[in-house]
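Contents: one structure, followed by commentary.
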There are 2 protein chains.
Amino acid sequence: MNIGVVGLGLIGGSLCKAIKAYTHHSVWGEDRDEAVLSSALEFGAIDGRLDGRALAGCDLVLSALYPADTIAYVRTHLDLFRPGCILLDVCGVKGVVCRGIREVIAGRDLVFIGGHPMAGREFSGFAVSDQDLFQGASMILTPDADLDRDVLRRVSDFILSLGFGRVINTTPEFHDRMIAYTSQLPHVIASSYVKSPNCRFQLGFTGGSFEDMSRVAKLNEGMWTELFLDNPDHLVEEIDTLVENLKEIRNAIDQRDAERLRALLAQGRVIKESLNNDNDKDR
Amino acid sequence: MNIGVVGLGLIGGSLCKAIKAYTHHSVWGEDRDEAVLSSALEFGAIDGRLDGRALAGCDLVLSALYPADTIAYVRTHLDLFRPGCILLDVCGVKGVVCRGIREVIAGRDLVFIGGHPMAGREFSGFAVSDQDLFQGASMILTPDADLDRDVLRRVSDFILSLGFGRVINTTPEFHDRMIAYTSQLPHVIASSYVKSPNCRFQLGFTGGSFEDMSRVAKLNEGMWTELFLDNPDHLVEEIDTLVENLKEIRNAIDQRDAERLRALLAQGRVIKESLNNDNDKDR
């Protein structure tokens, strides 16, 4: 089929490269940065530019833009999509975007599915995109309840053909609640962690934990500001929960309460071990 | 030379294996668990048991016990050390342990150096010890100001011969301040992070950040309780600093203040990028 990819950053670029590497589909790409488009063409990550004519020929369009840009792109290109075209958006929040796009395409012969690939890196841009970014990763889909089952199966098969390990179907609301915890909160923690006055002396005093904690502090603040503010309530709740749990340990230390401290740390260990078991079972 | 290693857990066991793998020294080991001693002998990680006679023949004794056990071991074996023996303790806090041991060995012909290998895993025990655990890692030493320079050079050379990438000399006080931030705080964060009520639903909703944040929640709560309570003031200060920085981001999100949020995230990114540059320069 003909596939359009809008936004050739880390995720969009990696989608193009994975499609070219692992399928026989044709890929048409669009990016606001001409230099990125040129290098995607030169690299062979796309077969051509996703102009109006190419868009009209696409069976599937993947949008890998920021949330607001995604809705804007669909609105401004509404008359150019081929009737029956499937539109899969892969940005990191789903409630706002799914509501926005559903409104924009109401009454049109277009099929929309929200998605979010559980893969990323602490770098952004086409230059670091990678055909194997999605190997073994989850793709979360948030299909409408009335979505044609056959369309969902075809989209899922396409996703798995790119190297994804599994497709998870859920609602936009549950996605946003979970992603606040599993992805957004770690970025908030990393960004806060490196602000200790002792951070600048870390060289030579670090093993693996420092790098783990600080890795994603190297984030794209424009994108993450938008993602956080499109999911503020879940994220604030997660930060508040974390702060409460930090304070419990802090107070046990401050009061030299060994028994309480040991119990709090044991609770965390037991939870983590139960997850590892779940993950083992899943493999 | 003859080297004694007391405590054959992850660190002590890995020290024995590295000595056997990368040097021609003889190693004598001691552990309170007879099964561990047997498996260390069987594995060839030690040449024999570090009994009183073997201890009297040791030029260097490495203690890889918990802090209080380290001081207790030195106290109860004081008359058995060979005169001039070098004692290197490698537990994770240095102020309490260095003061305690200096007191115990006062007036004796023994040379003491505090140390802390910047290497570890989220598992413990001899079974997971590894001859290559220290490859490229830092070893922090906290030598007394009046330590013989020649002894320090010999100990440093020995450490590097095990695969360590560098030896950092500092004071016990600076070590404890830094380790509260680079190692203890990440364990507090991981343990707190997994306590969100949403954690049990994480399967399929995680990329790399969740694993980074939660990895060391799988800790040995007995050991970490002791380490935290031997360094309480520095650690409480770090937790308080982190909570303040988390709350700044939390409030920017709660107030939907995009400009402020972007600035806070940019601050963290700039700090993290400056560290990466430092680390690059160092290589």
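Residues are referred to by chain and number: the chain letter is A, B, ... according to the order shown in the structure tokens, the number counts from 1 in that chain, and ligands are numbered separately from 1 in the order shown.
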Q: Write down as a PyMOL selection string the residues belonging to range 14-65 of chain B that are assigned strand (DSSP E) by DSSP computed on the backbone.
A: chain B and resi 26-30+48-49+60-63
Q: Just the residues within 9 Å of range 118-130 of chain B, please, counting only C-alpha atoms, with nothing from its chain fewer than 4 positions along; format it as number ranges by chain.
A: A: 204-208; B: 8-15, 17-18, 36, 39-40, 134-135, 137-140, 183, 215-220
**Q.** d(CA of Phe158 in chain B, CA of Gln184 in chain B) in Å
**A.** 27.2 Å
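Going from CA of Val96 in chain A over to CA of Ser156 in chain A, you cover 22.7 Å.
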Q.
Residues near Ile271 in chain A, anyone? I mean within 12 Å using only C-alpha atoms, not counting same-chain ones fewer than 2 positions away, as a PyMOL selection string.
A. (chain A and resi 264-269+273-278) or (chain B and resi 190-202+214-219)
With a distance cut-off of 10 Å and only C-alpha atoms, select the neighbouring residues of Ala258 in chain B, excluding the residue or stretch itself and same-chain residues fewer than 2 positions from it, and output the selection as a PDB file with all heavy atoms, in the first residue's frame.
ATOM      1  N   GLY A 222      10.403  21.450  24.487  1.00  0.00           N
ATOM      2  CA  GLY A 222       9.223  21.936  23.767  1.00  0.00           C
ATOM      3  C   GLY A 222       8.175  20.833  23.663  1.00  0.00           C
ATOM      4  O   GLY A 222       6.993  21.039  23.979  1.00  0.00           O
ATOM      5  N   THR A 225       6.833  19.769  27.270  1.00  0.00           N
ATOM      6  CA  THR A 225       5.920  20.765  27.846  1.00  0.00           C
ATOM      7  C   THR A 225       4.520  20.560  27.282  1.00  0.00           C
ATOM      8  O   THR A 225       3.528  20.539  28.017  1.00  0.00           O
ATOM      9  CB  THR A 225       6.423  22.188  27.535  1.00  0.00           C
ATOM     10  OG1 THR A 225       7.660  22.394  28.235  1.00  0.00           O
ATOM     11  CG2 THR A 225       5.425  23.247  27.976  1.00  0.00           C
ATOM     12  N   GLU A 226       4.438  20.358  25.965  1.00  0.00           N
ATOM     13  CA  GLU A 226       3.126  20.143  25.350  1.00  0.00           C
ATOM     14  C   GLU A 226       2.492  18.840  25.836  1.00  0.00           C
ATOM     15  O   GLU A 226       1.302  18.802  26.173  1.00  0.00           O
ATOM     16  CB  GLU A 226       3.266  20.154  23.820  1.00  0.00           C
ATOM     17  CG  GLU A 226       1.915  20.190  23.132  1.00  0.00           C
ATOM     18  CD  GLU A 226       1.996  20.399  21.612  1.00  0.00           C
ATOM     19  OE1 GLU A 226       3.008  20.945  21.120  1.00  0.00           O
ATOM     20  OE2 GLU A 226       1.025  20.006  20.938  1.00  0.00           O
ATOM     21  N   PHE A 228       3.056  17.210  28.666  1.00  0.00           N
ATOM     22  CA  PHE A 228       2.650  17.329  30.080  1.00  0.00           C
ATOM     23  C   PHE A 228       1.351  18.139  30.215  1.00  0.00           C
ATOM     24  O   PHE A 228       0.457  17.776  30.980  1.00  0.00           O
ATOM     25  CB  PHE A 228       3.735  18.029  30.915  1.00  0.00           C
ATOM     26  CG  PHE A 228       4.987  17.209  31.140  1.00  0.00           C
ATOM     27  CD1 PHE A 228       6.087  17.770  31.801  1.00  0.00           C
ATOM     28  CD2 PHE A 228       5.097  15.894  30.704  1.00  0.00           C
ATOM     29  CE1 PHE A 228       7.240  17.029  32.016  1.00  0.00           C
ATOM     30  CE2 PHE A 228       6.255  15.148  30.911  1.00  0.00           C
ATOM     31  CZ  PHE A 228       7.331  15.723  31.574  1.00  0.00           C
ATOM     32  N   LEU A 229       1.276  19.243  29.470  1.00  0.00           N
ATOM     33  CA  LEU A 229       0.105  20.124  29.621  1.00  0.00           C
ATOM     34  C   LEU A 229      -1.131  19.577  28.915  1.00  0.00           C
ATOM     35  O   LEU A 229      -2.241  20.071  29.116  1.00  0.00           O
ATOM     36  CB  LEU A 229       0.440  21.542  29.153  1.00  0.00           C
ATOM     37  CG  LEU A 229       1.484  22.251  30.041  1.00  0.00           C
ATOM     38  CD1 LEU A 229       1.702  23.680  29.578  1.00  0.00           C
ATOM     39  CD2 LEU A 229       1.086  22.228  31.518  1.00  0.00           C
TER      40      LEU A 229
ATOM     41  N   ALA B 252       4.093  24.226  38.056  1.00  0.00           N
ATOM     42  CA  ALA B 252       4.006  24.793  36.705  1.00  0.00           C
ATOM     43  C   ALA B 252       2.960  24.032  35.886  1.00  0.00           C
ATOM     44  O   ALA B 252       2.195  24.625  35.119  1.00  0.00           O
ATOM     45  CB  ALA B 252       5.367  24.751  36.022  1.00  0.00           C
ATOM     46  N   ILE B 253       2.921  22.698  36.063  1.00  0.00           N
ATOM     47  CA  ILE B 253       1.922  21.892  35.345  1.00  0.00           C
ATOM     48  C   ILE B 253       0.527  22.216  35.864  1.00  0.00           C
ATOM     49  O   ILE B 253      -0.401  22.459  35.094  1.00  0.00           O
ATOM     50  CB  ILE B 253       2.201  20.379  35.507  1.00  0.00           C
ATOM     51  CG1 ILE B 253       3.541  20.005  34.869  1.00  0.00           C
ATOM     52  CG2 ILE B 253       1.067  19.541  34.885  1.00  0.00           C
ATOM     53  CD1 ILE B 253       4.049  18.615  35.244  1.00  0.00           C
ATOM     54  N   GLN B 255      -0.576  24.842  37.218  1.00  0.00           N
ATOM     55  CA  GLN B 255      -1.013  26.179  36.813  1.00  0.00           C
ATOM     56  C   GLN B 255      -1.053  26.347  35.286  1.00  0.00           C
ATOM     57  O   GLN B 255      -1.246  27.458  34.791  1.00  0.00           O
ATOM     58  CB  GLN B 255      -0.074  27.234  37.434  1.00  0.00           C
ATOM     59  CG  GLN B 255      -0.183  27.314  38.953  1.00  0.00           C
ATOM     60  CD  GLN B 255       1.099  27.819  39.614  1.00  0.00           C
ATOM     61  OE1 GLN B 255       1.920  28.461  38.965  1.00  0.00           O
ATOM     62  NE2 GLN B 255       1.267  27.541  40.895  1.00  0.00           N
ATOM     63  N   ARG B 256      -0.805  25.246  34.554  1.00  0.00           N
ATOM     64  CA  ARG B 256      -0.803  25.299  33.082  1.00  0.00           C
ATOM     65  C   ARG B 256       0.149  26.408  32.591  1.00  0.00           C
ATOM     66  O   ARG B 256      -0.148  27.115  31.621  1.00  0.00           O
ATOM     67  CB  ARG B 256      -2.189  25.580  32.528  1.00  0.00           C
ATOM     68  CG  ARG B 256      -3.255  24.486  32.513  1.00  0.00           C
ATOM     69  CD  ARG B 256      -3.161  23.396  33.459  1.00  0.00           C
ATOM     70  NE  ARG B 256      -4.346  22.506  33.438  1.00  0.00           N
ATOM     71  CZ  ARG B 256      -4.632  21.679  34.432  1.00  0.00           C
ATOM     72  NH1 ARG B 256      -3.867  21.598  35.518  1.00  0.00           N
ATOM     73  NH2 ARG B 256      -5.688  20.895  34.345  1.00  0.00           N
ATOM     74  N   ARG B 260       6.947  28.670  32.088  1.00  0.00           N
ATOM     75  CA  ARG B 260       7.703  28.271  33.280  1.00  0.00           C
ATOM     76  C   ARG B 260       8.127  26.803  33.182  1.00  0.00           C
ATOM     77  O   ARG B 260       9.265  26.446  33.487  1.00  0.00           O
ATOM     78  CB  ARG B 260       6.820  28.491  34.512  1.00  0.00           C
ATOM     79  CG  ARG B 260       7.413  28.013  35.810  1.00  0.00           C
ATOM     80  CD  ARG B 260       8.075  29.146  36.560  1.00  0.00           C
ATOM     81  NE  ARG B 260       8.718  28.658  37.773  1.00  0.00           N
ATOM     82  CZ  ARG B 260      10.020  28.639  37.961  1.00  0.00           C
ATOM     83  NH1 ARG B 260      10.849  29.113  37.032  1.00  0.00           N
ATOM     84  NH2 ARG B 260      10.539  28.178  39.087  1.00  0.00           N
ATOM     85  N   LEU B 261       7.204  25.959  32.756  1.00  0.00           N
ATOM     86  CA  LEU B 261       7.493  24.523  32.643  1.00  0.00           C
ATOM     87  C   LEU B 261       8.618  24.276  31.651  1.00  0.00           C
ATOM     88  O   LEU B 261       9.564  23.530  31.930  1.00  0.00           O
ATOM     89  CB  LEU B 261       6.217  23.783  32.214  1.00  0.00           C
ATOM     90  CG  LEU B 261       6.299  22.269  32.037  1.00  0.00           C
ATOM     91  CD1 LEU B 261       6.825  21.587  33.282  1.00  0.00           C
ATOM     92  CD2 LEU B 261       4.915  21.699  31.664  1.00  0.00           C
ATOM     93  N   ARG B 262       8.537  24.940  30.519  1.00  0.00           N
ATOM     94  CA  ARG B 262       9.576  24.789  29.498  1.00  0.00           C
ATOM     95  C   ARG B 262      10.930  25.224  30.055  1.00  0.00           C
ATOM     96  O   ARG B 262      11.953  24.571  29.816  1.00  0.00           O
ATOM     97  CB  ARG B 262       9.207  25.634  28.271  1.00  0.00           C
ATOM     98  CG  ARG B 262      10.117  25.450  27.073  1.00  0.00           C
ATOM     99  CD  ARG B 262       9.783  26.489  25.999  1.00  0.00           C
ATOM    100  NE  ARG B 262       8.362  26.490  25.686  1.00  0.00           N
ATOM    101  CZ  ARG B 262       7.838  25.958  24.579  1.00  0.00           C
ATOM    102  NH1 ARG B 262       8.629  25.410  23.691  1.00  0.00           N
ATOM    103  NH2 ARG B 262       6.541  26.002  24.369  1.00  0.00           N
ATOM    104  N   ALA B 263      10.940  26.333  30.820  1.00  0.00           N
ATOM    105  CA  ALA B 263      12.199  26.844  31.388  1.00  0.00           C
ATOM    106  C   ALA B 263      12.772  25.857  32.402  1.00  0.00           C
ATOM    107  O   ALA B 263      13.981  25.599  32.432  1.00  0.00           O
ATOM    108  CB  ALA B 263      11.963  28.205  32.036  1.00  0.00           C
ATOM    109  N   LEU B 264      11.902  25.259  33.227  1.00  0.00           N
ATOM    110  CA  LEU B 264      12.368  24.292  34.231  1.00  0.00           C
ATOM    111  C   LEU B 264      12.950  23.050  33.557  1.00  0.00           C
ATOM    112  O   LEU B 264      13.992  22.528  33.965  1.00  0.00           O
ATOM    113  CB  LEU B 264      11.208  23.886  35.157  1.00  0.00           C
ATOM    114  CG  LEU B 264      10.739  24.968  36.134  1.00  0.00           C
ATOM    115  CD1 LEU B 264       9.413  24.564  36.782  1.00  0.00           C
ATOM    116  CD2 LEU B 264      11.804  25.215  37.208  1.00  0.00           C
TER     117      LEU B 264
END
Near-Ala106 in chain A list (12 Å; only C-alpha atoms; drop same-chain fewer than 6 positions) as an mmCIF file with N, CA and C atoms, in the first residue's frame:
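Okay, this is what ended up in around34.cif:
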data_model
loop_
_atom_site.group_PDB
_atom_site.id
_atom_site.type_symbol
_atom_site.label_atom_id
_atom_site.label_comp_id
_atom_site.auth_asym_id
_atom_site.auth_seq_id
_atom_site.Cartn_x
_atom_site.Cartn_y
_atom_site.Cartn_z
ATOM 1 N N VAL A 74 -4.407 17.527 10.269
ATOM 2 C CA VAL A 74 -5.606 16.855 9.760
ATOM 3 C C VAL A 74 -6.615 17.899 9.289
ATOM 4 N N ARG A 75 -6.766 18.976 10.068
ATOM 5 C CA ARG A 75 -7.740 20.008 9.698
ATOM 6 C C ARG A 75 -7.379 20.630 8.344
ATOM 7 N N LEU A 78 -7.769 18.133 5.265
ATOM 8 C CA LEU A 78 -8.979 17.312 5.306
ATOM 9 C C LEU A 78 -9.507 16.922 3.918
ATOM 10 N N CYS A 98 -7.228 12.469 20.430
ATOM 11 C CA CYS A 98 -8.331 11.667 19.881
ATOM 12 C C CYS A 98 -9.623 12.479 19.838
ATOM 13 N N ARG A 99 -9.889 13.233 20.894
ATOM 14 C CA ARG A 99 -11.095 14.092 20.884
ATOM 15 C C ARG A 99 -11.000 15.123 19.761
ATOM 16 N N GLY A 100 -9.836 15.760 19.649
ATOM 17 C CA GLY A 100 -9.644 16.810 18.646
ATOM 18 C C GLY A 100 -9.817 16.293 17.228
ATOM 19 N N PHE A 112 -10.053 6.871 11.890
ATOM 20 C CA PHE A 112 -8.989 7.352 12.757
ATOM 21 C C PHE A 112 -8.699 6.353 13.884
#
Q.
DSSP on the backbone, alpha helix (DSSP H) only: what residues of range 17-158 of chain A does that give? Format it as number ranges by chain.
A. A: 17-22, 34-43, 52-56, 67-76, 95-104, 149-158
